[in-house]
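Okay, structure first, notes after.
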Amino acid sequence: MSDKLFIFDTTLRDGEQVPGCQLNTVEKIQVAKALQDLGVDIIEAGFPISSPGDFESVVQISKAVTWPTICALTRAVQKDIEVAAESLKYAKKGRIHTGIGTSPFHIKYKLNSTPEEIIERAVAAVKYAKKYVEDVEFYAEDAGRTDNEYLARVIEAVIKAGATVVNIPDTTGYCLPNEFGEKIKYLVENVTGIHKAVIATHCHNDLGMATANTVAGIMNGARQAEVTINGIGERAGNTSLEEVVMTLKSRYQVLGIETGINTKNIFHTSRLVSTLMNMPVQPNKAVVGRNAFAHSSGIHQDGVLKNRENYEIMDPADVGINESSILLTARSGRAALKHRLELMGFELTKEKLDEVYEQFLKLADHKKDIRDDDIALLVGDATHQERR
Ligand code: KIV
Ligand code: ZN
């Protein structure tokens, strides 16, 4: 099995479904180019049948982007597939992503169908898409709540029909990591011809387990992860690109799988998407949150100043953040204050440092945000006369 994981970014399709976060075509092109620079393998650019704007965006992104595969989403409906194929006509490498619901809920209540008819419709959609493009991905919507035995039958049938990638979405974010991992393992072990297709994970975060489920899928044989920048997406969002990529990088010794992502572009891409979509990144968000590399307690600050690996498992520079930050709070120790003073150009005697530290603690008790100006005032030299 290959040790390369394909990164399929769906920020511009599943991510963009967040209410109030819609982008215009120019903004989507900007994001698509940033995703290309980031090194994603596949960009899901839209759902072309859904609106003329989505169609146009797929066309323009196909023209603007040079090397990642451009993917367009469809239902298992002929008209959707025709429109998707048309939207991809300028793509250097185009993929149609078609599929249908496979869980009992979807079959009965959404599609008013039967398990056998769903297999027929899935196969027909894949065969129809193959008339237009070689690269056809099939999604079994709500695979997370689909019985493994039935799912294996669906997947075997669509691979036989020519699917190059089989996507196993946990559409409702329902699975536990061990269940999701077992589901992928079951497919690897029970689907005839599974080696002819790449298995993809597409996890949602309703229970906060999207990344864990994705990693469990990868550990059991999936080689494409469907993700979004900052984990944006409907409801609680999708698996976040930065979490999966940095998990594989940080734990390479255990997992042994690599991506082609230029990790140093992660922070920039995160902020670009956040700004354009007007969707703030939560401060404690793993990898890209404002506090992801910020240390505030005295014990941690002292540890980081002695050796950052005491409390950091990733180098912030690897994700494009210049340095870890030592926040000055009422819980900071002398070491943190001394470090900040040195960065500001002050070198104090031990006695002077003790004096300033005492004043600092009093100030920090009632002021949350201690700035360099406050420190300079405490040193008794707002004009910085004691600078080296
Ligand atoms: O969550 C999901 O099932 C999807 C599919 C359309 C791939 O987004
Ligand atoms: Zn989804």
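Just remember, in the structure tokens the first chain shown is A, the second B, etc., residues are 1-based per chain, and ligands are 1-based in the order shown.
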### Task
Show which residues sit within 12 Å of region 116-118 of chain A, as a ChimeraX atom specification. Count only C-alpha atoms, and ignore same-chain residues fewer than 2 positions away.
/A:76,99-104,106-108,110-114,120-125,140-141,150-151,153-155,157-158
### Task
Within region 9-215 of chain A, find each residue whose DSSP state, derived from the backbone, is strand (DSSP E), and express the selection as JSON, numbers by chain.
{"A": [9, 42, 43, 44, 45, 46, 69, 70, 71, 72, 73, 94, 95, 96, 97, 98, 99, 100, 101, 135, 136, 137, 138, 139, 140, 141, 165, 166, 167, 168, 169, 170, 198, 199, 200, 201, 202, 203]}
### Task
Name all residues at most 7 Å from Arg13 (chain A) (count only C-alpha atoms; drop same-chain ones fewer than 5 positions away) and give them as a PyMOL selection string.
chain A and resi 44-47
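With only C-alpha atoms and all ligand atoms as the atoms that count, the minimum distance from ligand 2 to the choices A:Thr74, A:Gln60, A:Asn238, A:Gln36 is reached by A:Asn238.
Relative to CA of Thr269 (chain A), CA of Val198 (chain A) is found at 26.6 Å.
For the choices A:Thr11, A:Thr171, A:Thr66, A:Thr164, the atom-to-atom distance to ligand 1 is smallest for A:Thr171 when using only C-alpha atoms and all ligand atoms.
Between atom 1 (Zn, counted along the ligand's line) of ligand 2 and CA of Val188 (chain A) the interatomic distance comes to 22.1 Å.
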Could you give me the residues within region 106-282 of chain A that DSSP places in alpha helix (DSSP H), as a CSV table (one decimal) with N, CA and C atoms, in the first residue's frame?
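out_7.csv, freshly written:
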chain,number,residue,atom,x,y,z
A,115,PRO,N,-32.5,-0.9,-1.3
A,115,PRO,CA,-31.1,-1.2,-1.4
A,115,PRO,C,-30.6,-1.6,-2.8
A,116,GLU,N,-31.4,-2.5,-3.5
A,116,GLU,CA,-31.0,-3.0,-4.8
A,116,GLU,C,-31.0,-1.9,-5.8
A,117,GLU,N,-32.1,-1.1,-5.8
A,117,GLU,CA,-32.2,0.0,-6.7
A,117,GLU,C,-31.1,1.0,-6.6
A,118,ILE,N,-30.7,1.3,-5.3
A,118,ILE,CA,-29.6,2.2,-5.0
A,118,ILE,C,-28.3,1.7,-5.7
A,119,ILE,N,-28.0,0.4,-5.7
A,119,ILE,CA,-26.8,-0.1,-6.3
A,119,ILE,C,-26.9,0.1,-7.8
A,120,GLU,N,-28.1,-0.1,-8.4
A,120,GLU,CA,-28.3,0.1,-9.8
A,120,GLU,C,-28.0,1.6,-10.2
A,121,ARG,N,-28.6,2.5,-9.4
A,121,ARG,CA,-28.4,3.9,-9.7
A,121,ARG,C,-27.0,4.3,-9.5
A,122,ALA,N,-26.3,3.8,-8.5
A,122,ALA,CA,-24.9,4.1,-8.3
A,122,ALA,C,-24.1,3.7,-9.5
A,123,VAL,N,-24.3,2.5,-9.9
A,123,VAL,CA,-23.5,1.9,-11.1
A,123,VAL,C,-23.8,2.7,-12.3
A,124,ALA,N,-25.0,3.1,-12.6
A,124,ALA,CA,-25.4,3.8,-13.8
A,124,ALA,C,-24.7,5.2,-13.8
A,125,ALA,N,-24.7,5.8,-12.6
A,125,ALA,CA,-24.1,7.2,-12.5
A,125,ALA,C,-22.6,7.1,-12.8
A,126,VAL,N,-21.9,6.1,-12.2
A,126,VAL,CA,-20.5,6.0,-12.5
A,126,VAL,C,-20.2,5.7,-14.0
A,127,LYS,N,-21.0,4.8,-14.5
A,127,LYS,CA,-20.8,4.5,-16.0
A,127,LYS,C,-21.1,5.7,-16.8
A,128,TYR,N,-22.1,6.5,-16.5
A,128,TYR,CA,-22.4,7.7,-17.2
A,128,TYR,C,-21.3,8.7,-17.1
A,129,ALA,N,-20.8,8.9,-15.9
A,129,ALA,CA,-19.7,9.9,-15.7
A,129,ALA,C,-18.4,9.5,-16.5
A,130,LYS,N,-18.2,8.2,-16.6
A,130,LYS,CA,-17.0,7.6,-17.3
A,130,LYS,C,-17.0,8.0,-18.8
A,148,ASN,N,-22.0,-2.4,7.1
A,148,ASN,CA,-20.7,-2.6,6.3
A,148,ASN,C,-20.9,-3.6,5.2
A,149,GLU,N,-21.7,-4.6,5.4
A,149,GLU,CA,-21.9,-5.7,4.4
A,149,GLU,C,-22.5,-5.1,3.1
A,150,TYR,N,-23.6,-4.3,3.3
A,150,TYR,CA,-24.2,-3.6,2.2
A,150,TYR,C,-23.3,-2.6,1.5
A,151,LEU,N,-22.6,-1.8,2.4
A,151,LEU,CA,-21.7,-0.8,1.8
A,151,LEU,C,-20.6,-1.5,0.9
A,152,ALA,N,-20.1,-2.7,1.4
A,152,ALA,CA,-19.1,-3.4,0.6
A,152,ALA,C,-19.7,-3.8,-0.8
A,153,ARG,N,-21.0,-4.2,-0.8
A,153,ARG,CA,-21.6,-4.5,-2.1
A,153,ARG,C,-21.7,-3.3,-3.0
A,154,VAL,N,-22.1,-2.2,-2.5
A,154,VAL,CA,-22.1,-0.9,-3.3
A,154,VAL,C,-20.8,-0.6,-3.8
A,155,ILE,N,-19.8,-0.6,-3.0
A,155,ILE,CA,-18.4,-0.2,-3.4
A,155,ILE,C,-17.9,-1.2,-4.4
A,156,GLU,N,-18.1,-2.4,-4.2
A,156,GLU,CA,-17.6,-3.4,-5.2
A,156,GLU,C,-18.2,-3.1,-6.6
A,157,ALA,N,-19.5,-2.8,-6.6
A,157,ALA,CA,-20.2,-2.6,-7.8
A,157,ALA,C,-19.7,-1.4,-8.5
A,158,VAL,N,-19.5,-0.3,-7.8
A,158,VAL,CA,-19.1,1.0,-8.5
A,158,VAL,C,-17.6,0.9,-8.9
A,159,ILE,N,-16.8,0.1,-8.2
A,159,ILE,CA,-15.4,-0.1,-8.7
A,159,ILE,C,-15.5,-0.9,-10.0
A,160,LYS,N,-16.3,-1.9,-10.1
A,160,LYS,CA,-16.5,-2.7,-11.3
A,160,LYS,C,-16.9,-1.8,-12.5
A,177,PRO,N,-14.1,6.6,16.4
A,177,PRO,CA,-12.9,6.3,15.6
A,177,PRO,C,-12.7,4.9,15.3
A,178,ASN,N,-12.9,4.0,16.3
A,178,ASN,CA,-12.7,2.6,16.1
A,178,ASN,C,-13.7,2.0,15.1
A,179,GLU,N,-14.9,2.5,15.1
A,179,GLU,CA,-15.9,2.1,14.2
A,179,GLU,C,-15.6,2.5,12.8
A,180,PHE,N,-15.1,3.7,12.6
A,180,PHE,CA,-14.8,4.2,11.3
A,180,PHE,C,-13.6,3.5,10.7
A,181,GLY,N,-12.6,3.3,11.6
A,181,GLY,CA,-11.4,2.5,11.2
A,181,GLY,C,-11.8,1.1,10.7
A,182,GLU,N,-12.7,0.5,11.5
A,182,GLU,CA,-13.1,-0.9,11.2
A,182,GLU,C,-13.9,-0.9,9.9
A,183,LYS,N,-14.6,0.1,9.6
A,183,LYS,CA,-15.4,0.2,8.4
A,183,LYS,C,-14.5,0.2,7.2
A,184,ILE,N,-13.4,0.9,7.3
A,184,ILE,CA,-12.4,1.0,6.1
A,184,ILE,C,-11.7,-0.4,6.0
A,185,LYS,N,-11.4,-0.9,7.2
A,185,LYS,CA,-10.7,-2.2,7.2
A,185,LYS,C,-11.6,-3.3,6.5
A,186,TYR,N,-12.9,-3.2,6.9
A,186,TYR,CA,-13.8,-4.2,6.3
A,186,TYR,C,-13.8,-4.1,4.8
A,187,LEU,N,-13.8,-2.9,4.3
A,187,LEU,CA,-13.9,-2.7,2.8
A,187,LEU,C,-12.6,-3.3,2.2
A,188,VAL,N,-11.5,-2.9,2.9
A,188,VAL,CA,-10.2,-3.4,2.3
A,188,VAL,C,-10.2,-4.9,2.3
A,189,GLU,N,-10.7,-5.6,3.3
A,189,GLU,CA,-10.7,-7.0,3.4
A,189,GLU,C,-11.8,-7.8,2.6
A,190,ASN,N,-12.9,-7.0,2.3
A,190,ASN,CA,-14.0,-7.8,1.7
A,190,ASN,C,-14.5,-7.3,0.4
A,210,ALA,N,-14.0,14.4,13.8
A,210,ALA,CA,-13.7,14.3,12.3
A,210,ALA,C,-12.2,13.9,12.1
A,211,THR,N,-11.3,14.6,12.8
A,211,THR,CA,-9.9,14.3,12.6
A,211,THR,C,-9.6,12.9,13.1
A,212,ALA,N,-10.1,12.6,14.2
A,212,ALA,CA,-9.8,11.2,14.8
A,212,ALA,C,-10.3,10.1,13.8
A,213,ASN,N,-11.5,10.3,13.3
A,213,ASN,CA,-12.0,9.3,12.4
A,213,ASN,C,-11.2,9.3,11.1
A,214,THR,N,-10.8,10.4,10.6
A,214,THR,CA,-10.0,10.5,9.4
A,214,THR,C,-8.7,9.7,9.6
A,215,VAL,N,-8.1,10.0,10.7
A,215,VAL,CA,-6.8,9.3,11.0
A,215,VAL,C,-7.0,7.8,11.1
A,216,ALA,N,-8.1,7.4,11.8
A,216,ALA,CA,-8.4,6.0,11.9
A,216,ALA,C,-8.6,5.4,10.5
A,217,GLY,N,-9.3,6.1,9.6
A,217,GLY,CA,-9.5,5.6,8.3
A,217,GLY,C,-8.1,5.4,7.6
A,218,ILE,N,-7.3,6.4,7.7
A,218,ILE,CA,-5.9,6.3,7.0
A,218,ILE,C,-5.2,5.1,7.6
A,219,MET,N,-5.2,4.9,8.9
A,219,MET,CA,-4.5,3.8,9.5
A,219,MET,C,-5.0,2.5,9.0
A,241,LEU,N,-8.0,20.4,7.4
A,241,LEU,CA,-6.8,20.0,6.6
A,241,LEU,C,-5.5,20.0,7.5
A,242,GLU,N,-5.4,21.2,8.2
A,242,GLU,CA,-4.2,21.4,9.0
A,242,GLU,C,-4.0,20.4,10.1
A,243,GLU,N,-5.1,19.9,10.7
A,243,GLU,CA,-5.0,18.9,11.8
A,243,GLU,C,-4.5,17.5,11.2
A,244,VAL,N,-5.1,17.1,10.1
A,244,VAL,CA,-4.7,15.8,9.5
A,244,VAL,C,-3.2,15.9,9.1
A,245,VAL,N,-2.9,17.0,8.3
A,245,VAL,CA,-1.5,17.1,7.8
A,245,VAL,C,-0.5,17.1,8.9
A,246,MET,N,-0.8,17.9,9.9
A,246,MET,CA,0.2,18.0,11.0
A,246,MET,C,0.3,16.8,11.9
A,247,THR,N,-0.8,16.1,11.9
A,247,THR,CA,-0.8,14.8,12.7
A,247,THR,C,0.1,13.8,11.9
A,248,LEU,N,0.0,13.7,10.6
A,248,LEU,CA,0.8,12.8,9.9
A,248,LEU,C,2.3,13.2,9.9
A,249,LYS,N,2.5,14.6,9.9
A,249,LYS,CA,3.9,15.0,10.0
A,249,LYS,C,4.5,14.8,11.3
A,250,SER,N,3.8,15.2,12.4
A,250,SER,CA,4.3,15.0,13.7
A,250,SER,C,4.5,13.6,14.2
A,252,TYR,N,4.9,10.9,12.2
A,252,TYR,CA,5.4,10.1,11.0
A,252,TYR,C,6.0,8.7,11.5
A,253,GLN,N,6.7,8.8,12.6
A,253,GLN,CA,7.4,7.5,13.1
A,253,GLN,C,6.3,6.4,13.3
A,254,VAL,N,5.1,6.8,13.7
A,254,VAL,CA,4.1,5.8,14.0
A,254,VAL,C,3.3,5.5,12.8
A,255,LEU,N,2.9,6.6,12.0
A,255,LEU,CA,2.0,6.4,10.9
A,255,LEU,C,2.6,6.0,9.6
A,266,ILE,N,0.4,26.8,5.6
A,266,ILE,CA,-0.8,26.5,6.3
A,266,ILE,C,-1.4,27.8,7.0
A,267,PHE,N,-0.6,28.5,7.7
A,267,PHE,CA,-1.2,29.6,8.5
A,267,PHE,C,-1.7,30.7,7.6
A,268,HIS,N,-0.9,31.0,6.5
A,268,HIS,CA,-1.4,32.0,5.6
A,268,HIS,C,-2.7,31.6,4.9
A,269,THR,N,-2.8,30.3,4.5
A,269,THR,CA,-4.1,29.9,3.9
A,269,THR,C,-5.2,29.9,4.8
A,270,SER,N,-4.9,29.5,6.1
A,270,SER,CA,-6.0,29.6,7.1
A,270,SER,C,-6.5,31.0,7.3
A,271,ARG,N,-5.6,32.0,7.3
A,271,ARG,CA,-6.1,33.4,7.5
A,271,ARG,C,-6.8,33.9,6.3
A,272,LEU,N,-6.3,33.5,5.1
A,272,LEU,CA,-7.0,34.0,3.9
A,272,LEU,C,-8.4,33.5,3.9
A,273,VAL,N,-8.6,32.2,4.1
A,273,VAL,CA,-10.0,31.7,4.1
A,273,VAL,C,-10.9,32.3,5.2
A,274,SER,N,-10.3,32.5,6.4
A,274,SER,CA,-11.0,33.1,7.5
A,274,SER,C,-11.5,34.5,7.1
A,275,THR,N,-10.6,35.3,6.5
A,275,THR,CA,-10.9,36.7,6.2
A,275,THR,C,-11.9,36.7,5.0
A,276,LEU,N,-11.7,35.9,4.0
A,276,LEU,CA,-12.6,36.0,2.8
A,276,LEU,C,-14.0,35.5,3.2
A,277,MET,N,-14.1,34.5,4.1
A,277,MET,CA,-15.4,34.0,4.5
A,277,MET,C,-16.0,34.7,5.7
### Message
Distance limit 12 Å, reference ligand 2, atoms considered: only C-alpha atoms and all ligand atoms. Which residues make the cut? Give them as a ChimeraX atom specification.
### Response
/A:9-18,44,73,99,101,139-144,167-173,201-206,210,225-228,231-239
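For Ile199 (chain A), the set of protein, DNA and RNA residues having any atom at most 8 Å away, when counting only C-alpha atoms and skipping those fewer than 5 positions along the same chain, is Val165, Val166, Asn167, Ile168, Gly221, Ala222, Arg223 and Gln224 of chain A.
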Selection from above, C-alpha atoms, as a short mmCIF file (atom, residue, chain, number, x, y, z; two decimals), in the first residue's frame, can you write it?
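Final output, saved to part04.cif:
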data_model
loop_
_atom_site.label_atom_id
_atom_site.label_comp_id
_atom_site.auth_asym_id
_atom_site.auth_seq_id
_atom_site.Cartn_x
_atom_site.Cartn_y
_atom_site.Cartn_z
CA VAL A 165 -11.85 6.68 -6.01
CA VAL A 166 -14.44 5.44 -3.49
CA ASN A 167 -15.44 7.97 -0.87
CA ILE A 168 -16.77 6.74 2.49
CA GLY A 221 -6.03 1.81 4.38
CA ALA A 222 -7.68 5.04 3.17
CA ARG A 223 -5.28 7.06 0.99
CA GLN A 224 -7.33 10.18 0.28
#
### Message
Just checking: using only C-alpha atoms and all ligand atoms, which residue out of A:Ala317, A:Ala200, A:Ile81, A:Ala364 ends up closest to ligand 1?
### Response
A:Ala200
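Of the listed residues (A:Pro283, A:Glu27, A:Lys131, A:His295), A:Lys131 comes nearest to Gln78 (chain A); the distances count only C-alpha atoms.
Distances here use only C-alpha atoms; by that measure, the residue among A:Gly289, A:Gly380, A:Gly333, A:Pro19 closest to Gln301 (chain A) is A:Gly333.
For the residues A:Cys71, A:Ala34, A:Val379, A:Leu363, ranking by smallest atom-to-atom distance to ligand 1 using only C-alpha atoms and all ligand atoms places A:Cys71 first.
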Can you tell me which residues surround region 290-293 of chain A at a distance of at most 10 Å, considering only C-alpha atoms, apart from same-chain residues fewer than 5 positions away, and format the answer as a compact mmCIF listing (two decimals) with N, CA and C atoms, in the first residue's frame?
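Okay, result-v7.txt is ready:
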# COMPACT_ATOMS: atom_id res chain seq x y z
N VAL A 281 -11.30 32.24 13.26
CA VAL A 281 -10.77 30.95 13.72
C VAL A 281 -10.80 30.98 15.24
N GLN A 282 -11.36 29.95 15.86
CA GLN A 282 -11.45 29.97 17.33
C GLN A 282 -10.03 30.02 17.93
N PRO A 283 -9.81 30.80 18.99
CA PRO A 283 -8.44 30.99 19.50
C PRO A 283 -7.73 29.70 19.86
N ASN A 284 -8.48 28.71 20.37
CA ASN A 284 -7.83 27.45 20.77
C ASN A 284 -7.87 26.39 19.68
N LYS A 285 -8.14 26.79 18.44
CA LYS A 285 -8.18 25.82 17.33
C LYS A 285 -6.80 25.17 17.18
N TYR A 311 7.12 21.88 25.84
CA TYR A 311 5.66 22.02 25.75
C TYR A 311 5.15 22.19 24.33
N GLU A 312 5.99 21.97 23.31
CA GLU A 312 5.51 22.09 21.93
C GLU A 312 5.87 20.84 21.16
N ILE A 313 4.84 20.22 20.53
CA ILE A 313 5.12 19.01 19.74
C ILE A 313 5.35 19.33 18.28
N MET A 314 5.07 20.60 17.90
CA MET A 314 5.32 21.03 16.52
C MET A 314 6.11 22.31 16.59
N ASP A 315 6.92 22.54 15.56
CA ASP A 315 7.62 23.81 15.47
C ASP A 315 6.67 24.79 14.78
N PRO A 316 6.34 25.91 15.44
CA PRO A 316 5.41 26.85 14.80
C PRO A 316 5.87 27.27 13.41
N ILE A 321 4.14 30.00 11.24
CA ILE A 321 4.02 30.98 12.33
C ILE A 321 5.44 31.27 12.81
N GLU A 323 7.03 32.41 15.52
CA GLU A 323 7.57 31.87 16.77
C GLU A 323 6.46 31.60 17.78
N SER A 324 6.78 30.81 18.78
CA SER A 324 5.78 30.60 19.83
C SER A 324 5.72 31.88 20.64
N SER A 325 4.56 32.18 21.22
CA SER A 325 4.51 33.43 21.97
C SER A 325 4.38 33.16 23.46
N ILE A 326 5.07 33.97 24.18
CA ILE A 326 5.05 33.89 25.63
C ILE A 326 4.17 35.05 26.07
N LEU A 327 2.96 34.74 26.50
CA LEU A 327 2.02 35.79 26.90
C LEU A 327 2.34 36.23 28.32
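A straight line drawn from CA of Tyr357 (chain A) to CA of Lys338 (chain A) is 8.9 Å long.
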### Task
Determine, counting only C-alpha atoms, which protein, DNA and RNA residues have an atom within 9 Å of an atom of Gly94 (chain A); residues of the same chain fewer than 3 positions away are not included. Present the result as a list in words.
Ser62, Thr69, Ile70, Cys71, Ala72, Ala85, Leu88, Lys89, Tyr90, Ala91, Val133, Glu134, Asp135 and Val136 of chain A
Take the residues just selected and output them with C-alpha atoms as an mmCIF file, in the first residue's frame.
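Result file follows (part_24.cif):
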data_model
loop_
_atom_site.group_PDB
_atom_site.id
_atom_site.type_symbol
_atom_site.label_atom_id
_atom_site.label_comp_id
_atom_site.auth_asym_id
_atom_site.auth_seq_id
_atom_site.Cartn_x
_atom_site.Cartn_y
_atom_site.Cartn_z
ATOM 1 C CA SER A 62 -10.286 25.083 -13.969
ATOM 2 C CA THR A 69 -7.060 17.895 -10.174
ATOM 3 C CA ILE A 70 -10.286 19.914 -10.306
ATOM 4 C CA CYS A 71 -13.325 18.051 -9.055
ATOM 5 C CA ALA A 72 -17.026 18.798 -9.551
ATOM 6 C CA ALA A 85 -18.552 17.561 -17.335
ATOM 7 C CA LEU A 88 -14.680 20.890 -16.225
ATOM 8 C CA LYS A 89 -13.880 21.352 -19.901
ATOM 9 C CA TYR A 90 -10.886 23.649 -19.185
ATOM 10 C CA ALA A 91 -9.492 21.528 -16.357
ATOM 11 C CA VAL A 133 -13.863 11.715 -17.717
ATOM 12 C CA GLU A 134 -11.517 8.900 -16.804
ATOM 13 C CA ASP A 135 -11.286 9.967 -13.157
ATOM 14 C CA VAL A 136 -14.622 9.249 -11.434
#
